[in-house]
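**Student:** Hey, dropping input_21.txt in here, compact mmCIF, C-alpha atoms:
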```txt
# COMPACT_ATOMS: atom_id res chain seq x y z
CA MET Q 1359 -67.67 -90.48 66.79
CA GLU Q 1360 -64.80 -92.85 66.32
CA GLU Q 1361 -65.74 -93.24 62.67
CA LEU Q 1362 -65.70 -89.44 62.22
CA ILE Q 1363 -62.27 -89.20 63.79
CA ASN Q 1364 -60.98 -91.95 61.52
CA LYS Q 1365 -62.27 -90.10 58.46
CA MET Q 1366 -60.63 -86.90 59.64
CA TYR Q 1367 -57.34 -88.75 59.98
CA GLU Q 1368 -57.79 -90.11 56.47
CA TYR Q 1369 -58.43 -86.61 55.03
CA VAL Q 1370 -55.48 -85.18 56.91
CA ALA Q 1371 -53.26 -88.01 55.76
CA LEU Q 1372 -54.41 -87.62 52.16
CA TYR Q 1373 -54.68 -83.86 51.71
CA GLY Q 1374 -52.06 -82.99 54.28
CA MET Q 1375 -49.42 -84.87 52.32
CA ASN Q 1376 -50.62 -83.22 49.11
CA LEU Q 1377 -50.43 -79.82 50.80
CA VAL Q 1378 -46.91 -80.49 52.02
CA ALA Q 1379 -45.91 -81.74 48.56
CA ALA Q 1380 -47.44 -78.65 46.93
CA LEU Q 1381 -45.56 -76.37 49.32
CA LEU Q 1382 -42.31 -78.22 48.59
CA ILE Q 1383 -42.93 -77.94 44.86
CA PHE Q 1384 -43.56 -74.22 45.22
CA VAL Q 1385 -40.56 -73.49 47.46
CA ILE Q 1386 -38.10 -75.64 45.53
CA GLY Q 1387 -39.53 -74.53 42.17
CA LYS Q 1388 -39.27 -70.88 43.10
CA TRP Q 1389 -35.65 -71.40 44.14
CA LEU Q 1390 -34.87 -73.22 40.89
CA ALA Q 1391 -36.58 -70.47 38.86
CA ARG Q 1392 -34.38 -67.88 40.55
CA VAL Q 1393 -31.24 -69.98 39.95
CA ILE Q 1394 -32.06 -70.58 36.26
CA SER Q 1395 -32.83 -66.88 35.63
CA ASN Q 1396 -29.54 -65.92 37.31
CA VAL Q 1397 -27.68 -68.42 35.11
CA PHE Q 1398 -29.29 -66.85 32.01
CA SER Q 1399 -28.25 -63.45 33.30
CA LYS Q 1400 -24.60 -64.47 33.80
CA ILE Q 1401 -24.43 -66.11 30.36
CA MET Q 1402 -25.74 -62.92 28.71
CA GLU Q 1403 -23.37 -60.74 30.75
CA LYS Q 1404 -20.41 -62.85 29.57
CA ALA Q 1405 -21.68 -62.45 26.01
CA LYS Q 1406 -21.62 -58.65 26.64
CA VAL Q 1407 -25.34 -58.22 26.01
CA GLU Q 1408 -26.73 -54.77 26.83
CA PRO Q 1409 -27.50 -54.52 30.61
CA THR Q 1410 -31.04 -53.28 29.92
CA LEU Q 1411 -31.84 -56.40 27.91
CA VAL Q 1412 -30.13 -58.67 30.47
CA THR Q 1413 -32.32 -57.36 33.28
CA PHE Q 1414 -35.49 -57.60 31.22
CA ILE Q 1415 -34.87 -61.20 30.06
CA LYS Q 1416 -33.84 -62.23 33.58
CA ASN Q 1417 -37.10 -60.95 35.07
CA LEU Q 1418 -39.18 -62.33 32.19
CA SER Q 1419 -37.66 -65.84 32.44
CA TYR Q 1420 -38.16 -65.86 36.23
CA THR Q 1421 -41.82 -64.88 35.86
CA ILE Q 1422 -42.52 -67.56 33.23
CA LEU Q 1423 -40.83 -70.28 35.28
CA LEU Q 1424 -42.69 -69.18 38.41
CA VAL Q 1425 -46.03 -69.49 36.58
CA PHE Q 1426 -45.20 -73.12 35.69
CA VAL Q 1427 -44.21 -73.80 39.32
CA ILE Q 1428 -47.52 -72.41 40.60
CA ILE Q 1429 -49.47 -74.52 38.09
CA ALA Q 1430 -47.55 -77.64 39.18
CA ALA Q 1431 -48.26 -76.89 42.86
CA LEU Q 1432 -51.98 -76.36 42.21
CA SER Q 1433 -52.13 -79.59 40.24
CA LYS Q 1434 -50.64 -81.45 43.21
CA LEU Q 1435 -53.44 -80.07 45.39
CA GLY Q 1436 -55.97 -81.58 43.03
CA VAL Q 1437 -56.96 -78.34 41.32
CA GLU Q 1438 -57.97 -78.83 37.69
CA THR Q 1439 -55.28 -76.87 35.82
CA THR Q 1440 -56.31 -77.69 32.24
CA SER Q 1441 -58.96 -74.99 32.15
CA PHE Q 1442 -56.61 -72.66 34.03
CA ILE Q 1443 -53.94 -73.09 31.35
CA ALA Q 1444 -56.55 -72.53 28.62
CA VAL Q 1445 -57.66 -69.29 30.31
CA LEU Q 1446 -54.03 -68.16 30.59
CA GLY Q 1447 -53.49 -68.93 26.90
CA ALA Q 1448 -56.60 -67.01 25.85
CA ALA Q 1449 -55.65 -64.09 28.09
CA GLY Q 1450 -52.14 -64.08 26.66
CA LEU Q 1451 -53.51 -64.03 23.12
CA ALA Q 1452 -55.89 -61.17 23.93
CA VAL Q 1453 -53.13 -59.17 25.60
CA GLY Q 1454 -50.81 -59.87 22.67
CA LEU Q 1455 -53.36 -58.59 20.15
CA ALA Q 1456 -54.08 -55.51 22.27
CA LEU Q 1457 -50.40 -54.73 22.68
CA GLN Q 1458 -49.15 -55.70 19.24
CA GLY Q 1459 -47.72 -52.21 18.68
CA SER Q 1460 -45.83 -52.36 21.98
CA LEU Q 1461 -44.64 -55.89 21.22
CA ALA Q 1462 -43.33 -54.68 17.85
CA ASN Q 1463 -41.45 -51.91 19.65
CA PHE Q 1464 -40.10 -54.43 22.13
CA ALA Q 1465 -38.87 -56.78 19.39
CA ALA Q 1466 -37.27 -53.84 17.59
CA GLY Q 1467 -35.63 -52.72 20.84
CA VAL Q 1468 -34.12 -56.17 21.32
CA LEU Q 1469 -32.71 -56.02 17.78
CA LEU Q 1470 -31.25 -52.55 18.37
CA ILE Q 1471 -29.58 -53.65 21.60
CA MET Q 1472 -28.24 -56.89 20.13
CA PHE Q 1473 -26.96 -55.64 16.76
CA LYS Q 1474 -26.05 -52.09 17.89
CA PRO Q 1475 -26.42 -50.02 14.68
CA PHE Q 1476 -25.69 -47.07 16.96
CA LYS Q 1477 -24.85 -46.44 20.60
CA VAL Q 1478 -25.44 -43.71 23.16
CA GLY Q 1479 -23.51 -40.60 22.14
CA ASP Q 1480 -23.62 -41.26 18.38
CA LEU Q 1481 -24.90 -38.62 15.96
CA VAL Q 1482 -27.61 -40.30 13.89
CA GLN Q 1483 -30.32 -39.56 11.38
CA ILE Q 1484 -33.43 -41.67 11.98
CA CYS Q 1485 -37.06 -41.16 10.94
CA GLY Q 1486 -36.17 -37.79 9.42
CA HIS Q 1487 -34.57 -36.49 12.62
CA ILE Q 1488 -30.87 -35.72 13.17
CA GLY Q 1489 -29.58 -35.78 16.73
CA VAL Q 1490 -27.35 -37.32 19.37
CA VAL Q 1491 -28.55 -40.58 20.92
CA LYS Q 1492 -29.13 -40.06 24.63
CA GLU Q 1493 -30.94 -43.24 25.68
CA ILE Q 1494 -31.82 -46.61 24.14
CA HIS Q 1495 -34.75 -48.32 25.86
CA ILE Q 1496 -36.62 -51.53 25.14
CA PHE Q 1497 -39.59 -49.67 23.65
CA ASN Q 1498 -38.14 -46.38 22.38
CA THR Q 1499 -34.99 -44.44 21.55
CA ILE Q 1500 -34.39 -40.88 22.75
CA ILE Q 1501 -32.29 -38.38 20.77
CA HIS Q 1502 -31.49 -34.70 21.25
CA THR Q 1503 -31.56 -32.60 18.08
CA PRO Q 1504 -29.07 -29.77 17.36
CA ASP Q 1505 -31.72 -27.21 18.37
CA ASN Q 1506 -32.07 -29.05 21.73
CA GLN Q 1507 -35.37 -30.82 21.14
CA ARG Q 1508 -35.90 -34.15 22.87
CA LYS Q 1509 -37.27 -36.68 20.38
CA ILE Q 1510 -38.74 -39.97 21.68
CA ILE Q 1511 -38.95 -42.36 18.73
CA PRO Q 1512 -40.65 -45.80 18.91
CA ASN Q 1513 -38.15 -48.56 18.19
CA ALA Q 1514 -40.38 -50.13 15.53
CA SER Q 1515 -40.14 -46.86 13.59
CA VAL Q 1516 -36.37 -46.81 14.05
CA THR Q 1517 -35.78 -50.31 12.66
CA GLY Q 1518 -38.42 -49.81 9.95
CA ASP Q 1519 -36.62 -46.79 8.51
CA THR Q 1520 -33.15 -46.05 7.19
CA ILE Q 1521 -30.61 -45.53 9.98
CA THR Q 1522 -27.74 -43.17 9.18
CA ASN Q 1523 -24.99 -43.29 11.80
CA LEU Q 1524 -22.94 -40.16 11.25
CA SER Q 1525 -20.51 -41.08 14.03
CA ALA Q 1526 -19.64 -44.49 12.61
CA VAL Q 1527 -17.10 -42.99 10.20
CA ASP Q 1528 -14.00 -40.92 10.93
CA MET Q 1529 -14.61 -38.30 8.22
CA ARG Q 1530 -17.41 -36.70 6.19
CA ARG Q 1531 -17.54 -34.84 2.90
CA VAL Q 1532 -19.04 -31.35 2.81
CA ASP Q 1533 -20.88 -30.73 -0.46
CA LEU Q 1534 -21.11 -27.07 -1.51
CA VAL Q 1535 -22.15 -25.47 -4.79
CA PHE Q 1536 -21.07 -21.99 -5.95
CA GLY Q 1537 -22.58 -20.42 -9.07
CA ILE Q 1538 -20.50 -17.97 -11.14
CA SER Q 1539 -21.30 -15.89 -14.18
CA TYR Q 1540 -20.68 -17.21 -17.71
CA ASN Q 1541 -18.45 -14.17 -18.22
CA ASP Q 1542 -16.18 -15.03 -15.26
CA ASN Q 1543 -12.90 -16.92 -15.45
CA ILE Q 1544 -13.40 -20.47 -14.17
CA LYS Q 1545 -9.74 -20.90 -13.21
CA THR Q 1546 -9.79 -17.73 -11.08
CA ALA Q 1547 -12.94 -18.89 -9.30
CA LYS Q 1548 -11.46 -22.33 -8.58
CA GLU Q 1549 -8.27 -20.77 -7.20
CA ALA Q 1550 -10.33 -18.51 -4.92
CA LEU Q 1551 -12.26 -21.45 -3.49
CA GLU Q 1552 -9.07 -23.45 -3.11
CA ARG Q 1553 -7.53 -20.68 -1.00
CA VAL Q 1554 -10.53 -20.75 1.33
CA VAL Q 1555 -10.41 -24.53 1.69
CA VAL Q 1556 -6.67 -24.72 2.28
CA ALA Q 1557 -6.80 -21.96 4.91
CA ASP Q 1558 -9.32 -23.87 7.06
CA PRO Q 1559 -7.43 -26.11 9.55
CA ARG Q 1560 -10.46 -28.39 9.99
CA VAL Q 1561 -10.34 -29.50 6.35
CA LEU Q 1562 -8.46 -32.77 5.93
CA LYS Q 1563 -5.53 -33.02 3.53
CA ASP Q 1564 -6.31 -36.62 2.64
CA PRO Q 1565 -8.53 -37.17 0.78
CA ALA Q 1566 -7.91 -33.96 -1.10
CA PRO Q 1567 -10.80 -31.53 -1.61
CA THR Q 1568 -12.54 -31.53 -4.97
CA ILE Q 1569 -13.25 -28.24 -6.76
CA ALA Q 1570 -14.68 -28.68 -10.24
CA VAL Q 1571 -17.37 -27.58 -12.69
CA SER Q 1572 -20.50 -29.65 -12.08
CA GLU Q 1573 -23.12 -28.01 -14.28
CA LEU Q 1574 -23.72 -25.42 -16.92
CA GLY Q 1575 -26.92 -24.01 -15.48
CA ASP Q 1576 -29.54 -21.69 -16.95
CA SER Q 1577 -28.04 -18.62 -15.29
CA SER Q 1578 -24.66 -19.71 -13.95
CA VAL Q 1579 -21.71 -22.04 -14.21
CA ASN Q 1580 -21.94 -24.16 -11.07
CA LEU Q 1581 -18.78 -25.21 -9.25
CA VAL Q 1582 -18.77 -27.94 -6.61
CA CYS Q 1583 -16.52 -27.52 -3.58
CA ARG Q 1584 -16.14 -30.78 -1.64
CA PRO Q 1585 -13.74 -30.70 1.29
CA TRP Q 1586 -13.47 -33.53 3.86
CA CYS Q 1587 -13.54 -33.07 7.63
CA LYS Q 1588 -14.24 -34.88 10.90
CA PRO Q 1589 -17.94 -35.51 11.63
CA THR Q 1590 -17.85 -33.15 14.62
CA ASP Q 1591 -16.58 -30.31 12.38
CA TYR Q 1592 -19.13 -30.80 9.59
CA TRP Q 1593 -21.50 -27.90 10.24
CA GLY Q 1594 -18.73 -25.50 11.21
CA VAL Q 1595 -16.92 -26.19 7.94
CA PHE Q 1596 -20.17 -26.01 5.98
CA PHE Q 1597 -21.16 -22.59 7.30
CA ASP Q 1598 -17.66 -21.03 7.29
CA ILE Q 1599 -16.69 -22.10 3.78
CA THR Q 1600 -20.06 -21.00 2.43
CA GLU Q 1601 -19.52 -17.53 3.86
CA LYS Q 1602 -15.79 -17.20 3.18
CA GLY Q 1603 -16.18 -18.69 -0.30
CA LYS Q 1604 -18.60 -15.93 -1.30
CA ILE Q 1605 -16.32 -13.24 0.14
CA GLU Q 1606 -13.22 -14.63 -1.61
CA LEU Q 1607 -15.02 -14.96 -4.93
CA GLU Q 1608 -16.10 -11.33 -4.74
CA LYS Q 1609 -12.55 -10.24 -3.87
CA SER Q 1610 -11.32 -12.03 -6.98
CA GLY Q 1611 -13.81 -10.17 -9.15
CA ILE Q 1612 -16.11 -13.14 -9.60
CA THR Q 1613 -19.83 -12.46 -9.95
CA ILE Q 1614 -22.45 -14.65 -8.33
CA PRO Q 1615 -25.36 -14.13 -10.73
CA PHE Q 1616 -29.05 -13.90 -10.05
CA PRO Q 1617 -31.39 -16.16 -12.04
CA GLN Q 1618 -32.20 -14.41 -15.30
CA ARG Q 1619 -34.01 -14.97 -18.56
CA ASP Q 1620 -33.62 -13.50 -22.01
CA VAL Q 1621 -37.00 -12.40 -23.36
CA HIS Q 1622 -37.34 -11.91 -27.12
CA MET Q 1623 -40.31 -9.89 -28.37
CA PHE Q 1624 -41.55 -10.08 -31.92
CA GLN Q 1625 -43.92 -7.60 -33.53
CA GLU Q 1626 -46.37 -8.94 -36.03
CA LYS Q 1627 -46.31 -7.10 -39.37
```
Represent the structure of the file as structure tokens.

**Tutor:**
Amino acid sequence: MEELINKMYEYVALYGMNLVAALLIFVIGKWLARVISNVFSKIMEKAKVEPTLVTFIKNLSYTILLVFVIIAALSKLGVETTSFIAVLGAAGLAVGLALQGSLANFAAGVLLIMFKPFKVGDLVQICGHIGVVKEIHIFNTIIHTPDNQRKIIPNASVTGDTITNLSAVDMRRVDLVFGISYNDNIKTAKEALERVVVADPRVLKDPAPTIAVSELGDSSVNLVCRPWCKPTDYWGVFFDITEKGKIELEKSGITIPFPQRDVHMFQEK
């Protein structure tokens, strides 16, 4: 009996100390993991990194550090952690392969948040869609189109395509084409279009609008009308000048011709 009690004391002394040490490693390690993740967070906040990315990296760094702390605590208890680490590595690889599309979206989201090719509220053209950016997430970007559709676009598609930020500039050029008859006076047509452009208060004075002959087409002489305006006025200027330009040309006696062909018929003798 005395021998049994002595062995119990030995086990308690041996494993009890290991258990206490493991608990200390876990408690102190968890505290350090929290402190280090908070330090990362403050550094990124001072660097003015996007809050969404700050929160994500803070939580990710804390989780990774906590995993190492748990492995260290288990090792102190005598648990074989080599195979455990190998299993974690294999599981991580399998998850990575299964979620490679999501990981690509995540990486693209980090790039979008860090380099900021556009921000919330910008009018952009991405992946063939034009709309106002409403939200930028880690995995996707949400825009609202002019006809009020909500488009959710994966970030990998956004960074893999051309990004046109229409709000990044303070003015845009409106490109219009008006076709007139070959019998019409070009100078009269240009003066008519100039009156329409000058009368629109949304058209900028500098740079000056361009009105010129661009092409001698099959059925018409094509004039380009290129006024400049603010990005927010683009579609209003486009629609109004298209309509008013036609009306003013007709008032000036200018004809907007239909496509036509001259057909020559020959009779065999």

**Student:** Which one of Q:Val1482, Q:Ile1496, Q:Ile1386, Q:Ile1544 sits closest to Q:Thr1613 if you count only C-alpha atoms?

**Tutor:**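 So, comparing all the options, the nearest one is Q:Ile1544.
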
**Student:** Between atom CA of Q:Leu1432 and atom CA of Q:Lys1388, what is the distance in Å, rounded to a tenth?

**Tutor:** 13.9 Å

**Student:** Could you name the residues that touch Q:Ala1514 at 7 Å or less, counting all atoms listed in the file, but leaving out those on the same chain fewer than 2 positions away, as a ChimeraX atom specification?

**Tutor:** /Q:1462-1463,1466,1512,1516-1518

**Student:** Pick out the closest residue to Q:Leu1423 from this set: Q:Phe1596, Q:Phe1384, Q:Phe1497, Q:Tyr1540. Count only C-alpha atoms.

**Tutor:**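 When distances to Q:Leu1423 are compared using only C-alpha atoms, the smallest one comes from Q:Phe1384.
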
**Student:** To one decimal place in Å, what is the distance between atom CA of Q:Val1490 and atom CA of Q:Pro1585?

**Tutor:**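 These atoms are spaced 23.6 Å apart.
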
**Student:** Pick out the closest residue to Q:Val1478 from this set: Q:Ser1515, Q:Ser1525, Q:Thr1590, Q:Asn1506. Count only C-alpha atoms.

**Tutor:**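 The closest residue to Q:Val1478 is Q:Ser1525.
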
**Student:** One decimal, Å: what's the distance from atom CA of Q:Leu1534 over to atom CA of Q:Leu1574, could you say?

**Tutor:**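 Atom CA of Q:Leu1574 lies at a distance of 15.7 Å from atom CA of Q:Leu1534.
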
**Student:** What's the 7 Å shell around Q:Ile1511, counting only C-alpha atoms, without same-chain residues fewer than 5 positions away, as a PyMOL selection string?

**Tutor:** chain Q and resi 1498-1500+1516

**Student:** I'd like a table as JSON lines: residues in stretch 1485-1541 of chain Q with an atom no more than 12 Å from stretch 1558-1573 of chain Q, each row giving the shortest atom pair and its distance in Å to one decimal, all atoms listed in the file counted, sorted by chain and rising residue number.

**Tutor:**
```
{"residue": "Q:Asp1528", "atom": "CA", "partner": "Q:Leu1562", "partner_atom": "CA", "distance": 11.1}
{"residue": "Q:Met1529", "atom": "CA", "partner": "Q:Leu1562", "partner_atom": "CA", "distance": 8.6}
{"residue": "Q:Arg1530", "atom": "CA", "partner": "Q:Leu1562", "partner_atom": "CA", "distance": 9.8}
{"residue": "Q:Arg1531", "atom": "CA", "partner": "Q:Pro1567", "partner_atom": "CA", "distance": 8.8}
{"residue": "Q:Val1532", "atom": "CA", "partner": "Q:Pro1567", "partner_atom": "CA", "distance": 9.4}
{"residue": "Q:Asp1533", "atom": "CA", "partner": "Q:Thr1568", "partner_atom": "CA", "distance": 9.5}
{"residue": "Q:Leu1534", "atom": "CA", "partner": "Q:Ile1569", "partner_atom": "CA", "distance": 9.5}
{"residue": "Q:Val1535", "atom": "CA", "partner": "Q:Ser1572", "partner_atom": "CA", "distance": 8.6}
{"residue": "Q:Phe1536", "atom": "CA", "partner": "Q:Val1571", "partner_atom": "CA", "distance": 9.5}
{"residue": "Q:Gly1537", "atom": "CA", "partner": "Q:Glu1573", "partner_atom": "CA", "distance": 9.2}
{"residue": "Q:Ile1538", "atom": "CA", "partner": "Q:Val1571", "partner_atom": "CA", "distance": 10.2}
{"residue": "Q:Tyr1540", "atom": "CA", "partner": "Q:Glu1573", "partner_atom": "CA", "distance": 11.6}
```

**Student:** Just the selected residues (C-alpha atoms), exported as an mmCIF file, in the frame of the given file, please.

**Tutor:**
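To be explicit, this is the file written out as selection-v1.cif:
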```cif
data_model
loop_
_atom_site.group_PDB
_atom_site.id
_atom_site.type_symbol
_atom_site.label_atom_id
_atom_site.label_comp_id
_atom_site.auth_asym_id
_atom_site.auth_seq_id
_atom_site.Cartn_x
_atom_site.Cartn_y
_atom_site.Cartn_z
ATOM 1 C CA ASP Q 1528 -14.000 -40.920 10.930
ATOM 2 C CA MET Q 1529 -14.610 -38.300 8.220
ATOM 3 C CA ARG Q 1530 -17.410 -36.700 6.190
ATOM 4 C CA ARG Q 1531 -17.540 -34.840 2.900
ATOM 5 C CA VAL Q 1532 -19.040 -31.350 2.810
ATOM 6 C CA ASP Q 1533 -20.880 -30.730 -0.460
ATOM 7 C CA LEU Q 1534 -21.110 -27.070 -1.510
ATOM 8 C CA VAL Q 1535 -22.150 -25.470 -4.790
ATOM 9 C CA PHE Q 1536 -21.070 -21.990 -5.950
ATOM 10 C CA GLY Q 1537 -22.580 -20.420 -9.070
ATOM 11 C CA ILE Q 1538 -20.500 -17.970 -11.140
ATOM 12 C CA TYR Q 1540 -20.680 -17.210 -17.710
#
```

**Student:** Using all atoms listed in the file for the distances, tell me which of Q:Thr1522, Q:Thr1546, Q:Asn1513, Q:Thr1421 is nearest to Q:Leu1607.

**Tutor:**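 Distance minimum relative to Q:Leu1607 lands on Q:Thr1546.
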
**Student:** Can you tell me, as JSON, numbers by chain, what residues are no more than 6 Å from Q:Ile1501 when counting all atoms listed in the file, ignoring any on the same chain fewer than 4 positions away?

**Tutor:** {"Q": [1489, 1490, 1491, 1492, 1508, 1509]}

**Student:** Taking only C-alpha atoms into account, name the residue in Q:Asn1541, Q:Ser1577, Q:Thr1413, Q:Thr1600 that is nearest to Q:Phe1616.

**Tutor:**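 Going through Q:Asn1541, Q:Ser1577, Q:Thr1413, Q:Thr1600 one by one, the smallest distance to Q:Phe1616 is for Q:Ser1577.
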
**Student:** Using all atoms listed in the file, which of the listed residues (Q:Leu1424, Q:Asp1576, Q:Ala1547, Q:Leu1481) sits closest to Q:Val1385?

**Tutor:**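 Among the listed residues, the smallest separation from Q:Val1385 belongs to Q:Leu1424.
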
**Student:** What are the centre and edge lengths in Å, to one decimal, of the axis-aligned box around all listed atoms of stretch 1573-1589 of chain Q with 6 Å added on each side, as lines of an AutoDock Vina configuration file?

**Tutor:**
```
center_x = -21.5
center_y = -27.1
center_z = -2.7
size_x = 28.1
size_y = 28.9
size_z = 40.6
```

**Student:** Using only C-alpha atoms, which residues sit within 12 Å of Q:Ala1557 once same-chain residues fewer than 5 positions away are excluded, as a list in words?

**Tutor:**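 So the residues in contact are Ala1550, Leu1551, Glu1552, Leu1562, Lys1563, Pro1585, Val1595, Asp1598, Ile1599, Lys1602, Gly1603 and Glu1606 of chain Q.
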
**Student:** Output the selection as a CSV table (one decimal), in the coordinates of the input - C-alpha atoms for each residue.

**Tutor:**
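New file again.csv:
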```csv
chain,number,residue,atom,x,y,z
Q,1550,ALA,CA,-10.3,-18.5,-4.9
Q,1551,LEU,CA,-12.3,-21.4,-3.5
Q,1552,GLU,CA,-9.1,-23.4,-3.1
Q,1562,LEU,CA,-8.5,-32.8,5.9
Q,1563,LYS,CA,-5.5,-33.0,3.5
Q,1585,PRO,CA,-13.7,-30.7,1.3
Q,1595,VAL,CA,-16.9,-26.2,7.9
Q,1598,ASP,CA,-17.7,-21.0,7.3
Q,1599,ILE,CA,-16.7,-22.1,3.8
Q,1602,LYS,CA,-15.8,-17.2,3.2
Q,1603,GLY,CA,-16.2,-18.7,-0.3
Q,1606,GLU,CA,-13.2,-14.6,-1.6
```

**Student:** Skipping near chain neighbours, those fewer than 5 positions away, what residues fall within 6 Å of stretch 1391-1405 of chain Q using only C-alpha atoms, listed as a PyMOL selection string?

**Tutor:** chain Q and resi 1412+1416+1419-1420+1423
